[in-house]
>>> print(open('coords_3.txt').read())   # compact mmCIF, C-alpha atoms and all ligand atoms
# COMPACT_ATOMS: atom_id res chain seq x y z
CA MET Z 1188 -1.72 -22.85 5.47
CA SER Z 1189 -0.75 -19.28 6.24
CA GLN Z 1190 0.28 -17.16 3.29
CA ARG Z 1191 3.40 -15.05 3.19
CA PRO Z 1192 3.36 -11.42 2.09
CA ILE Z 1193 6.01 -10.93 -0.61
CA ILE Z 1194 8.78 -8.64 0.67
CA ALA Z 1195 10.08 -6.21 -1.98
CA LEU Z 1196 13.89 -6.30 -1.69
CA ASP Z 1197 14.33 -2.78 -3.05
CA PHE Z 1198 18.06 -2.67 -2.32
CA SER Z 1199 20.99 -2.08 -4.66
CA SER Z 1200 23.44 -4.69 -3.38
CA LYS Z 1201 23.66 -8.22 -2.02
CA ASN Z 1202 25.35 -6.84 1.11
CA GLN Z 1203 22.33 -4.68 1.91
CA VAL Z 1204 20.03 -7.65 1.35
CA ALA Z 1205 22.18 -9.84 3.59
CA ASP Z 1206 22.08 -7.19 6.37
CA PHE Z 1207 18.31 -7.01 6.04
CA LEU Z 1208 17.80 -10.79 6.03
CA ALA Z 1209 20.02 -11.13 9.10
CA LYS Z 1210 17.15 -9.51 11.04
CA PHE Z 1211 14.95 -12.57 10.37
CA PRO Z 1212 15.28 -15.99 12.03
CA GLN Z 1213 17.68 -18.19 10.01
CA ASN Z 1214 15.10 -20.90 9.36
CA GLU Z 1215 12.26 -18.55 8.30
CA SER Z 1216 11.45 -19.21 4.65
CA LEU Z 1217 10.40 -15.90 3.09
CA PHE Z 1218 8.81 -14.89 -0.20
CA VAL Z 1219 10.86 -12.04 -1.65
CA LYS Z 1220 10.64 -9.82 -4.71
CA VAL Z 1221 13.79 -9.03 -6.69
CA GLY Z 1222 13.27 -6.08 -9.00
CA MET Z 1223 15.35 -4.39 -11.66
CA GLU Z 1224 17.42 -2.35 -9.21
CA LEU Z 1225 18.87 -5.38 -7.46
CA PHE Z 1226 18.92 -7.74 -10.45
CA TYR Z 1227 20.78 -5.34 -12.75
CA GLN Z 1228 23.47 -4.80 -10.15
CA GLU Z 1229 23.93 -8.30 -8.78
CA GLY Z 1230 22.80 -10.42 -11.74
CA PRO Z 1231 21.24 -13.90 -11.74
CA GLU Z 1232 23.49 -14.95 -8.87
CA ILE Z 1233 21.31 -13.00 -6.44
CA VAL Z 1234 18.36 -15.26 -7.33
CA ARG Z 1235 20.43 -18.44 -6.98
CA TRP Z 1236 21.65 -17.23 -3.60
CA LEU Z 1237 18.17 -16.39 -2.29
CA LYS Z 1238 16.87 -19.76 -3.49
CA SER Z 1239 19.80 -21.53 -1.81
CA LEU Z 1240 18.71 -19.88 1.47
CA GLY Z 1241 15.28 -21.48 1.05
CA HIS Z 1242 13.33 -18.37 0.03
CA SER Z 1243 10.71 -18.15 -2.73
CA VAL Z 1244 11.46 -15.51 -5.36
CA PHE Z 1245 9.24 -13.24 -7.43
CA LEU Z 1246 11.53 -11.89 -10.16
CA ASP Z 1247 9.95 -8.60 -11.19
CA LEU Z 1248 11.67 -7.71 -14.47
CA LYS Z 1249 8.55 -6.88 -16.56
CA LEU Z 1250 9.81 -8.26 -19.86
CA HIS Z 1251 8.59 -6.54 -23.05
CA ASP Z 1252 10.32 -7.42 -26.33
CA ILE Z 1253 9.72 -9.48 -29.47
CA PRO Z 1254 8.23 -12.94 -28.75
CA ASN Z 1255 11.40 -14.86 -29.68
CA THR Z 1256 13.58 -12.84 -27.30
CA VAL Z 1257 11.08 -13.02 -24.47
CA GLU Z 1258 10.67 -16.78 -24.93
CA LYS Z 1259 14.40 -17.44 -24.70
CA SER Z 1260 14.82 -15.09 -21.75
CA MET Z 1261 12.01 -16.83 -19.90
CA THR Z 1262 13.66 -20.21 -20.48
CA GLY Z 1263 16.68 -18.81 -18.67
CA LEU Z 1264 14.61 -17.38 -15.81
CA ALA Z 1265 12.84 -20.72 -15.31
CA LYS Z 1266 16.26 -22.38 -15.03
CA LEU Z 1267 17.07 -19.99 -12.20
CA GLY Z 1268 14.15 -21.50 -10.29
CA VAL Z 1269 12.10 -18.34 -9.84
CA ASP Z 1270 8.62 -18.87 -8.38
CA ILE Z 1271 6.82 -15.91 -9.99
CA THR Z 1272 7.88 -13.68 -12.86
CA ASN Z 1273 6.21 -11.17 -15.19
CA VAL Z 1274 5.87 -9.46 -18.57
CA HIS Z 1275 4.10 -6.33 -19.85
CA ALA Z 1276 0.69 -7.20 -21.33
CA ALA Z 1277 1.34 -4.38 -23.84
CA GLY Z 1278 3.78 -6.78 -25.54
CA GLY Z 1279 0.74 -8.56 -26.98
CA LEU Z 1280 -0.84 -12.01 -27.02
CA LYS Z 1281 1.94 -13.63 -29.02
CA MET Z 1282 4.62 -12.29 -26.73
CA MET Z 1283 2.75 -13.52 -23.65
CA GLU Z 1284 2.24 -16.98 -25.19
CA ALA Z 1285 5.93 -17.08 -26.05
CA ALA Z 1286 6.82 -16.12 -22.48
CA LYS Z 1287 4.73 -19.00 -21.13
CA ASN Z 1288 6.29 -21.44 -23.61
CA GLY Z 1289 9.75 -20.29 -22.63
CA LEU Z 1290 9.03 -20.88 -18.96
CA ILE Z 1291 7.65 -24.36 -19.64
CA ARG Z 1292 10.74 -25.22 -21.69
CA GLY Z 1293 13.10 -24.01 -18.97
CA THR Z 1294 11.43 -25.84 -16.08
CA GLU Z 1295 12.85 -29.20 -15.00
CA SER Z 1296 10.30 -32.02 -15.31
CA ASN Z 1297 9.97 -32.54 -11.54
CA LYS Z 1298 9.49 -28.82 -10.81
CA GLN Z 1299 6.51 -26.46 -11.01
CA VAL Z 1300 6.40 -24.00 -13.90
CA PRO Z 1301 6.84 -20.48 -12.43
CA VAL Z 1302 3.67 -18.43 -12.03
CA LEU Z 1303 3.57 -15.94 -14.92
CA ILE Z 1304 1.72 -12.67 -14.49
CA ALA Z 1305 1.29 -9.57 -16.62
CA VAL Z 1306 1.60 -5.90 -15.84
CA THR Z 1307 -1.47 -4.14 -17.29
CA GLN Z 1308 -1.17 -0.37 -16.98
CA LEU Z 1309 1.52 0.71 -14.52
CA THR Z 1310 -0.17 2.25 -11.50
CA SER Z 1311 2.12 5.25 -11.97
CA THR Z 1312 0.33 5.97 -15.28
CA SER Z 1313 -2.61 8.35 -14.97
CA GLU Z 1314 -5.63 8.14 -17.27
CA ASN Z 1315 -4.53 11.38 -18.90
CA GLU Z 1316 -0.99 10.11 -19.50
CA MET Z 1317 -2.37 6.92 -21.00
CA HIS Z 1318 -4.49 8.97 -23.45
CA GLU Z 1319 -1.64 11.29 -24.37
CA ASP Z 1320 1.43 9.05 -24.27
CA GLN Z 1321 -0.06 5.81 -25.54
CA LEU Z 1322 -2.93 7.21 -27.64
CA ILE Z 1323 -5.30 4.78 -25.91
CA GLU Z 1324 -8.67 6.48 -25.94
CA VAL Z 1325 -10.72 4.15 -23.70
CA PRO Z 1326 -10.92 4.74 -19.93
CA LEU Z 1327 -7.98 3.40 -17.90
CA THR Z 1328 -10.04 0.66 -16.24
CA GLU Z 1329 -11.15 -0.62 -19.64
CA SER Z 1330 -7.55 -0.81 -20.77
CA VAL Z 1331 -6.57 -2.66 -17.57
CA LEU Z 1332 -9.43 -5.11 -18.03
CA HIS Z 1333 -8.60 -5.68 -21.68
CA TYR Z 1334 -4.98 -6.44 -20.82
CA ALA Z 1335 -6.07 -8.79 -18.01
CA LYS Z 1336 -8.36 -10.73 -20.36
CA ASN Z 1337 -5.56 -10.91 -22.95
CA ALA Z 1338 -3.22 -12.28 -20.29
CA GLU Z 1339 -5.79 -14.97 -19.45
CA LYS Z 1340 -6.27 -15.76 -23.15
CA ALA Z 1341 -2.52 -16.19 -23.57
CA GLY Z 1342 -2.49 -18.75 -20.75
CA LEU Z 1343 -0.93 -16.53 -18.09
CA ASP Z 1344 -1.76 -17.06 -14.43
CA GLY Z 1345 -2.76 -13.52 -13.54
CA VAL Z 1346 -1.82 -9.87 -13.36
CA VAL Z 1347 -0.13 -7.30 -11.18
CA CYS Z 1348 -2.83 -4.83 -10.21
CA SER Z 1349 -3.91 -2.32 -7.63
CA ALA Z 1350 -6.16 -3.91 -5.00
CA HIS Z 1351 -8.85 -1.52 -6.19
CA GLU Z 1352 -8.84 -3.26 -9.58
CA ALA Z 1353 -8.83 -6.81 -8.19
CA GLU Z 1354 -12.60 -7.22 -7.86
CA MET Z 1355 -13.28 -6.04 -11.40
CA ILE Z 1356 -10.55 -8.35 -12.75
CA HIS Z 1357 -11.81 -11.35 -10.78
CA GLN Z 1358 -15.30 -10.84 -12.19
CA ALA Z 1359 -13.98 -10.89 -15.75
CA THR Z 1360 -11.58 -13.86 -15.46
CA ASN Z 1361 -11.51 -17.48 -14.22
CA GLU Z 1362 -11.55 -18.13 -10.49
CA LYS Z 1363 -7.90 -19.17 -10.40
CA PHE Z 1364 -6.71 -15.95 -12.01
CA VAL Z 1365 -4.13 -14.34 -9.74
CA CYS Z 1366 -4.18 -10.68 -8.64
CA LEU Z 1367 -0.84 -9.68 -7.15
CA THR Z 1368 -1.08 -6.30 -5.47
CA PRO Z 1369 1.53 -3.82 -4.26
CA GLY Z 1370 0.62 -0.56 -2.51
CA ILE Z 1371 -0.05 -2.21 0.86
CA ARG Z 1372 0.22 -0.32 4.13
CA PRO Z 1373 -0.63 -1.61 7.61
CA SER Z 1374 -3.25 0.55 9.31
CA GLY Z 1375 -1.79 3.79 10.68
CA SER Z 1376 1.55 3.66 8.83
CA GLU Z 1377 3.45 6.00 6.50
CA VAL Z 1378 2.01 6.05 2.98
CA GLY Z 1379 5.22 7.38 1.33
CA ASP Z 1380 4.88 7.95 -2.43
CA GLN Z 1381 2.13 5.36 -2.87
CA LYS Z 1382 -1.10 7.16 -3.69
CA ARG Z 1383 -3.81 4.50 -3.39
CA VAL Z 1384 -3.01 2.09 -0.61
CA VAL Z 1385 -4.96 -0.61 1.16
CA THR Z 1386 -4.30 -2.53 4.37
CA PRO Z 1387 -3.43 -6.27 4.25
CA SER Z 1388 -6.89 -7.26 5.49
CA GLU Z 1389 -8.60 -4.95 2.97
CA ALA Z 1390 -6.49 -6.57 0.24
CA ARG Z 1391 -7.69 -9.99 1.35
CA THR Z 1392 -11.33 -8.89 1.37
CA ILE Z 1393 -11.03 -7.26 -2.04
CA GLY Z 1394 -9.54 -10.44 -3.50
CA SER Z 1395 -5.75 -10.06 -3.80
CA THR Z 1396 -4.03 -13.42 -4.21
CA TYR Z 1397 -0.58 -12.15 -3.25
CA ILE Z 1398 0.46 -8.87 -1.63
CA VAL Z 1399 3.82 -7.15 -2.15
CA VAL Z 1400 5.12 -5.07 0.74
CA GLY Z 1401 8.32 -3.03 0.64
CA ARG Z 1402 9.11 -0.11 2.92
CA PRO Z 1403 6.71 -0.97 5.76
CA ILE Z 1404 9.02 -3.98 6.32
CA THR Z 1405 12.40 -2.95 4.84
CA GLN Z 1406 12.45 0.44 6.61
CA ALA Z 1407 10.94 -0.77 9.88
CA ILE Z 1408 13.04 -0.48 13.03
CA LEU Z 1409 12.09 -4.09 13.75
CA PRO Z 1410 11.55 -5.69 10.32
CA TYR Z 1411 10.69 -9.17 11.57
CA GLU Z 1412 8.03 -7.82 13.92
CA ALA Z 1413 6.62 -5.62 11.13
CA TYR Z 1414 6.59 -8.65 8.83
CA GLN Z 1415 4.74 -10.78 11.36
CA THR Z 1416 2.15 -8.08 12.01
CA ILE Z 1417 1.48 -7.72 8.28
CA LYS Z 1418 1.48 -11.49 7.76
CA ASN Z 1419 -1.04 -11.99 10.57
CA GLU Z 1420 -3.29 -9.26 9.25
CA TRP Z 1421 -3.02 -10.74 5.74
CA ASN Z 1422 -4.00 -14.15 7.07
CA GLY Z 1423 -7.05 -12.76 8.80
CA ALA Z 1424 -5.85 -12.91 12.40
CA SER Z 1425 -7.76 -10.49 14.60
CA LYS Z 1426 -5.66 -7.63 16.00
O1 LIG Z 1501 7.77 0.16 -0.47
P1 LIG Z 1501 6.49 -0.26 -1.14
O2 LIG Z 1501 5.63 -1.19 -0.29
O3 LIG Z 1501 5.71 0.90 -1.69
O4 LIG Z 1501 6.99 -1.13 -2.36
C1 LIG Z 1501 6.13 -1.72 -3.28
C2 LIG Z 1501 6.89 -2.51 -4.28
O5 LIG Z 1501 5.99 -2.85 -5.32
C3 LIG Z 1501 8.03 -1.77 -4.96
O6 LIG Z 1501 9.03 -2.75 -5.29
C4 LIG Z 1501 7.42 -1.20 -6.19
O7 LIG Z 1501 8.32 -1.02 -7.23
C5 LIG Z 1501 6.41 -2.29 -6.54
N1 LIG Z 1501 5.29 -1.86 -7.35
C6 LIG Z 1501 4.41 -0.87 -6.93
N2 LIG Z 1501 3.34 -0.54 -7.71
C7 LIG Z 1501 3.16 -1.15 -8.87
C8 LIG Z 1501 4.01 -2.14 -9.30
C9 LIG Z 1501 5.08 -2.47 -8.49
O8 LIG Z 1501 4.57 -0.31 -5.87
N3 LIG Z 1501 2.11 -0.85 -9.58
>>> encode(input="coords_3.txt", output="structure tokens")
Amino acid sequence: MSQRPIIALDFSSKNQVADFLAKFPQNESLFVKVGMELFYQEGPEIVRWLKSLGHSVFLDLKLHDIPNTVEKSMTGLAKLGVDITNVHAAGGLKMMEAAKNGLIRGTESNKQVPVLIAVTQLTSTSENEMHEDQLIEVPLTESVLHYAKNAEKAGLDGVVCSAHEAEMIHQATNEKFVCLTPGIRPSGSEVGDQKRVVTPSEARTIGSTYIVVGRPITQAILPYEAYQTIKNEWNGASK
């Protein structure tokens, strides 16, 4: 079965999302990412609406709070029917376990529990910033790996990571452990503010389980064509 790249809906209103989705065939079931920008302006209704259109939703809210609060919030997110959601691994083992429990509690018995992944170190954080701001003295990769192993220990399904970290994480975790990677650019395209990018086929080779693609699709003159090109490359079709 061909896999869908996850399209980052980095828009600030439902109207903008509707305009964007109108460029896709009506019956095309997409996998989309709703982040803080859209969620905080349109609320849970945006997720219900996208689900009602038949799309899969990765709700990227990166929860990080006390375990009790995260657990109850996750129960609510599971009730929305999200397919993937996430927390910060920095919240600790207990918080991650609570998040998982909350999702299980909120999922109807005939439905799949949403995939739960952890953010390790944000890719916007440099090694120097990690040392100075977080007083973490180990190298950045060691911190990323530690957080990934903690996520596995807490029963999470995987992590958000740069494709460059995927191989190292796969080696240290079980074979089902998910690596979801943003920072994807089709060969020959604009890099924008992303510093370390890989192409969809490189991401596949390196071991990404899911890829998240924003501007190369949302800002394309022909978004559906851009989506299909990226999807084909992701699924290993020769160019
Ligand atoms: O437009 P672009 O493809 O760069 O968008 C990537 C998406 O992935 C954005 O929604 C961005 O916030 C998100 N993201 C990222 N890097 C991370 C985590 C999330 O680019 N480390």
>>> atom_distance(input="coords_3.txt", atom1="atom CA of Z:Arg1235", atom2="atom CA of Z:Ala1265")
11.5 Å
>>> residues_near_ligand(input="coords_3.txt", ligand="ligand LIG 1501 (chain Z)", cutoff="6 Å", atoms="all atoms listed in the file", output="ChimeraX atom specification")
/Z:1195,1197,1309-1310,1369-1371,1381,1399-1402
>>> atom_distance(input="coords_3.txt", atom1="atom CA of Z:Leu1248", atom2="atom CA of Z:Val1221")
8.2 Å
>>> residues_around(input="coords_3.txt", residues="Z:Asp1252", least_positions_apart="2", cutoff="8 Å", atoms="all atoms listed in the file", output="list in words")
Leu1250, Pro1254, Thr1256, Val1257, Gly1278 and Met1282 of chain Z
>>> closest_residue(input="coords_3.txt", among="Z:Cys1348, Z:Ala1353, Z:Leu1196, Z:Met1283", to="Z:Val1234", atoms="only C-alpha atoms")
Z:Leu1196
>>> closest_atom_pairs(input="coords_3.txt", of="stretch 1198-1277 of chain Z", to="stretch 1326-1335 of chain Z", cutoff="12 Å", atoms="all atoms listed in the file", output="Markdown table")
| residue | atom | partner | partner_atom | distance |
| --- | --- | --- | --- | --- |
| Z:Val1274 | CA | Z:Tyr1334 | CA | 11.5 |
| Z:His1275 | CA | Z:Tyr1334 | CA | 9.1 |
| Z:Ala1276 | CA | Z:Tyr1334 | CA | 5.7 |
| Z:Ala1277 | CA | Z:Tyr1334 | CA | 7.3 |
>>> residues_around(input="coords_3.txt", residues="Z:Leu1280", least_positions_apart="5", cutoff="8 Å", atoms="all atoms listed in the file", output="number ranges by chain")
Z: 1337-1338, 1340-1341
>>> write_last_selection(input="coords_3.txt", atoms="C-alpha atoms", output="PDB file, in the frame of the given file")
ATOM      1  CA  ASN Z1337      -5.560 -10.910 -22.950  1.00  0.00           C
ATOM      2  CA  ALA Z1338      -3.220 -12.280 -20.290  1.00  0.00           C
ATOM      3  CA  LYS Z1340      -6.270 -15.760 -23.150  1.00  0.00           C
ATOM      4  CA  ALA Z1341      -2.520 -16.190 -23.570  1.00  0.00           C
TER       5      ALA Z1341
END
>>> residues_around(input="coords_3.txt", residues="Z:Pro1231", least_positions_apart="4", cutoff="9 Å", atoms="all atoms listed in the file", output="count of residues only")
6
>>> atom_distance(input="coords_3.txt", atom1="atom CA of Z:Asp1206", atom2="atom CA of Z:Ser1239")
16.7 Å
>>> axis_aligned_box(input="coords_3.txt", around="stretch 1403-1410 of chain Z", padding_each_side="6 Å", output="JSON")
{"center_x": 9.9, "center_y": -2.6, "center_z": 9.3, "size_x": 18.3, "size_y": 18.1, "size_z": 20.9}
>>> closest_residue(input="coords_3.txt", among="Z:Gly1379, Z:Gly1293, Z:Gly1230, Z:Pro1192", to="Z:Ser1216", atoms="all atoms listed in the file")
Z:Pro1192
>>> residues_near_point(input="coords_3.txt", point="(13.6, -18.8, -0.6)", cutoff="8 Å", atoms="only C-alpha atoms", output="list in words")
Ser1216, Leu1217, Phe1218, Val1219, Leu1237, Lys1238, Ser1239, Leu1240, Gly1241, His1242, Ser1243 and Val1244 of chain Z
>>> write_last_selection(input="coords_3.txt", atoms="C-alpha atoms", output="PDB file, in the coordinates of the input")
ATOM      1  CA  SER Z1216      11.450 -19.210   4.650  1.00  0.00           C
ATOM      2  CA  LEU Z1217      10.400 -15.900   3.090  1.00  0.00           C
ATOM      3  CA  PHE Z1218       8.810 -14.890  -0.200  1.00  0.00           C
ATOM      4  CA  VAL Z1219      10.860 -12.040  -1.650  1.00  0.00           C
ATOM      5  CA  LEU Z1237      18.170 -16.390  -2.290  1.00  0.00           C
ATOM      6  CA  LYS Z1238      16.870 -19.760  -3.490  1.00  0.00           C
ATOM      7  CA  SER Z1239      19.800 -21.530  -1.810  1.00  0.00           C
ATOM      8  CA  LEU Z1240      18.710 -19.880   1.470  1.00  0.00           C
ATOM      9  CA  GLY Z1241      15.280 -21.480   1.050  1.00  0.00           C
ATOM     10  CA  HIS Z1242      13.330 -18.370   0.030  1.00  0.00           C
ATOM     11  CA  SER Z1243      10.710 -18.150  -2.730  1.00  0.00           C
ATOM     12  CA  VAL Z1244      11.460 -15.510  -5.360  1.00  0.00           C
TER      13      VAL Z1244
END
>>> residues_near_point(input="coords_3.txt", point="(6.2, -16.7, -22.5)", cutoff="9 Å", atoms="all atoms listed in the file", output="short mmCIF file (atom, residue, chain, number, x, y, z; two decimals) with C-alpha atoms, in the frame of the given file")
data_model
loop_
_atom_site.label_atom_id
_atom_site.label_comp_id
_atom_site.auth_asym_id
_atom_site.auth_seq_id
_atom_site.Cartn_x
_atom_site.Cartn_y
_atom_site.Cartn_z
CA PRO Z 1254 8.23 -12.94 -28.75
CA VAL Z 1257 11.08 -13.02 -24.47
CA GLU Z 1258 10.67 -16.78 -24.93
CA LYS Z 1259 14.40 -17.44 -24.70
CA SER Z 1260 14.82 -15.09 -21.75
CA MET Z 1261 12.01 -16.83 -19.90
CA THR Z 1262 13.66 -20.21 -20.48
CA VAL Z 1274 5.87 -9.46 -18.57
CA LYS Z 1281 1.94 -13.63 -29.02
CA MET Z 1282 4.62 -12.29 -26.73
CA MET Z 1283 2.75 -13.52 -23.65
CA GLU Z 1284 2.24 -16.98 -25.19
CA ALA Z 1285 5.93 -17.08 -26.05
CA ALA Z 1286 6.82 -16.12 -22.48
CA LYS Z 1287 4.73 -19.00 -21.13
CA ASN Z 1288 6.29 -21.44 -23.61
CA GLY Z 1289 9.75 -20.29 -22.63
CA LEU Z 1290 9.03 -20.88 -18.96
CA ILE Z 1291 7.65 -24.36 -19.64
CA LEU Z 1303 3.57 -15.94 -14.92
CA ALA Z 1341 -2.52 -16.19 -23.57
CA LEU Z 1343 -0.93 -16.53 -18.09
#
>>> closest_residue(input="coords_3.txt", among="Z:Tyr1411, Z:Phe1211, Z:Tyr1397, Z:Phe1198", to="Z:Val1302", atoms="only C-alpha atoms")
Z:Tyr1397
>>> closest_residue(input="coords_3.txt", among="Z:Gly1342, Z:Arg1383, Z:Ser1189, Z:Ile1393", to="Z:Gln1358", atoms="only C-alpha atoms")
Z:Ile1393
>>> residues_around(input="coords_3.txt", residues="Z:Phe1364", least_positions_apart="6", cutoff="8 Å", atoms="all atoms listed in the file", output="PyMOL selection string")
chain Z and resi 1339+1344-1346+1357
>>> build_atoms(input="coords_3.txt", residues="stretch 1365-1374 of chain Z", atoms="all heavy atoms", output="PDB file, keeping the file's coordinate frame")
ATOM      1  N   VAL Z1365      -4.836 -14.950 -10.852  1.00  0.00           N
ATOM      2  CA  VAL Z1365      -4.130 -14.340  -9.740  1.00  0.00           C
ATOM      3  C   VAL Z1365      -4.111 -12.812  -9.837  1.00  0.00           C
ATOM      4  O   VAL Z1365      -3.864 -12.266 -10.905  1.00  0.00           O
ATOM      5  CB  VAL Z1365      -2.654 -14.877  -9.765  1.00  0.00           C
ATOM      6  CG1 VAL Z1365      -1.730 -14.012  -8.948  1.00  0.00           C
ATOM      7  CG2 VAL Z1365      -2.605 -16.336  -9.336  1.00  0.00           C
ATOM      8  N   CYS Z1366      -4.377 -12.139  -8.719  1.00  0.00           N
ATOM      9  CA  CYS Z1366      -4.180 -10.680  -8.640  1.00  0.00           C
ATOM     10  C   CYS Z1366      -3.093 -10.430  -7.597  1.00  0.00           C
ATOM     11  O   CYS Z1366      -3.301 -10.680  -6.411  1.00  0.00           O
ATOM     12  CB  CYS Z1366      -5.448  -9.960  -8.210  1.00  0.00           C
ATOM     13  SG  CYS Z1366      -6.659  -9.833  -9.523  1.00  0.00           S
ATOM     14  N   LEU Z1367      -1.944  -9.982  -8.055  1.00  0.00           N
ATOM     15  CA  LEU Z1367      -0.840  -9.680  -7.150  1.00  0.00           C
ATOM     16  C   LEU Z1367      -0.807  -8.170  -6.950  1.00  0.00           C
ATOM     17  O   LEU Z1367      -0.730  -7.424  -7.922  1.00  0.00           O
ATOM     18  CB  LEU Z1367       0.465 -10.198  -7.765  1.00  0.00           C
ATOM     19  CG  LEU Z1367       1.762  -9.968  -7.000  1.00  0.00           C
ATOM     20  CD1 LEU Z1367       2.731 -11.126  -7.243  1.00  0.00           C
ATOM     21  CD2 LEU Z1367       2.422  -8.660  -7.387  1.00  0.00           C
ATOM     22  N   THR Z1368      -0.914  -7.733  -5.705  1.00  0.00           N
ATOM     23  CA  THR Z1368      -1.080  -6.300  -5.470  1.00  0.00           C
ATOM     24  C   THR Z1368      -0.024  -5.684  -4.571  1.00  0.00           C
ATOM     25  O   THR Z1368       0.150  -6.114  -3.427  1.00  0.00           O
ATOM     26  CB  THR Z1368      -2.481  -6.022  -4.874  1.00  0.00           C
ATOM     27  OG1 THR Z1368      -2.607  -6.709  -3.651  1.00  0.00           O
ATOM     28  CG2 THR Z1368      -3.582  -6.460  -5.786  1.00  0.00           C
ATOM     29  N   PRO Z1369       0.669  -4.654  -5.100  1.00  0.00           N
ATOM     30  CA  PRO Z1369       1.530  -3.820  -4.260  1.00  0.00           C
ATOM     31  C   PRO Z1369       0.684  -2.678  -3.666  1.00  0.00           C
ATOM     32  O   PRO Z1369      -0.544  -2.713  -3.762  1.00  0.00           O
ATOM     33  CB  PRO Z1369       2.579  -3.291  -5.230  1.00  0.00           C
ATOM     34  CG  PRO Z1369       2.032  -3.503  -6.595  1.00  0.00           C
ATOM     35  CD  PRO Z1369       0.762  -4.277  -6.505  1.00  0.00           C
ATOM     36  N   GLY Z1370       1.348  -1.703  -3.067  1.00  0.00           N
ATOM     37  CA  GLY Z1370       0.620  -0.560  -2.510  1.00  0.00           C
ATOM     38  C   GLY Z1370      -0.097  -0.936  -1.220  1.00  0.00           C
ATOM     39  O   GLY Z1370      -1.222  -0.531  -0.977  1.00  0.00           O
ATOM     40  N   ILE Z1371       0.554  -1.731  -0.392  1.00  0.00           N
ATOM     41  CA  ILE Z1371      -0.050  -2.210   0.860  1.00  0.00           C
ATOM     42  C   ILE Z1371       0.562  -1.457   2.047  1.00  0.00           C
ATOM     43  O   ILE Z1371       1.779  -1.323   2.121  1.00  0.00           O
ATOM     44  CB  ILE Z1371       0.219  -3.730   1.035  1.00  0.00           C
ATOM     45  CG1 ILE Z1371      -0.286  -4.518  -0.186  1.00  0.00           C
ATOM     46  CG2 ILE Z1371      -0.366  -4.247   2.350  1.00  0.00           C
ATOM     47  CD1 ILE Z1371      -1.769  -4.546  -0.371  1.00  0.00           C
ATOM     48  N   ARG Z1372      -0.258  -0.991   2.923  1.00  0.00           N
ATOM     49  CA  ARG Z1372       0.220  -0.320   4.130  1.00  0.00           C
ATOM     50  C   ARG Z1372      -0.583  -0.793   5.331  1.00  0.00           C
ATOM     51  O   ARG Z1372      -1.813  -0.776   5.293  1.00  0.00           O
ATOM     52  CB  ARG Z1372       0.062   1.209   4.019  1.00  0.00           C
ATOM     53  CG  ARG Z1372       0.980   1.860   2.980  1.00  0.00           C
ATOM     54  CD  ARG Z1372       2.436   1.781   3.429  1.00  0.00           C
ATOM     55  NE  ARG Z1372       3.355   2.322   2.432  1.00  0.00           N
ATOM     56  CZ  ARG Z1372       3.920   1.647   1.432  1.00  0.00           C
ATOM     57  NH1 ARG Z1372       3.626   0.368   1.264  1.00  0.00           N
ATOM     58  NH2 ARG Z1372       4.777   2.221   0.620  1.00  0.00           N
ATOM     59  N   PRO Z1373       0.115  -1.249   6.404  1.00  0.00           N
ATOM     60  CA  PRO Z1373      -0.630  -1.610   7.610  1.00  0.00           C
ATOM     61  C   PRO Z1373      -1.342  -0.384   8.161  1.00  0.00           C
ATOM     62  O   PRO Z1373      -0.857   0.732   7.977  1.00  0.00           O
ATOM     63  CB  PRO Z1373       0.433  -2.120   8.574  1.00  0.00           C
ATOM     64  CG  PRO Z1373       1.734  -1.687   8.018  1.00  0.00           C
ATOM     65  CD  PRO Z1373       1.566  -1.366   6.575  1.00  0.00           C
ATOM     66  N   SER Z1374      -2.473  -0.580   8.801  1.00  0.00           N
ATOM     67  CA  SER Z1374      -3.250   0.550   9.310  1.00  0.00           C
ATOM     68  C   SER Z1374      -2.368   1.496  10.128  1.00  0.00           C
ATOM     69  O   SER Z1374      -1.555   1.050  10.922  1.00  0.00           O
ATOM     70  CB  SER Z1374      -4.407   0.062  10.178  1.00  0.00           C
ATOM     71  OG  SER Z1374      -4.657  -1.295   9.939  1.00  0.00           O
TER      72      SER Z1374
END
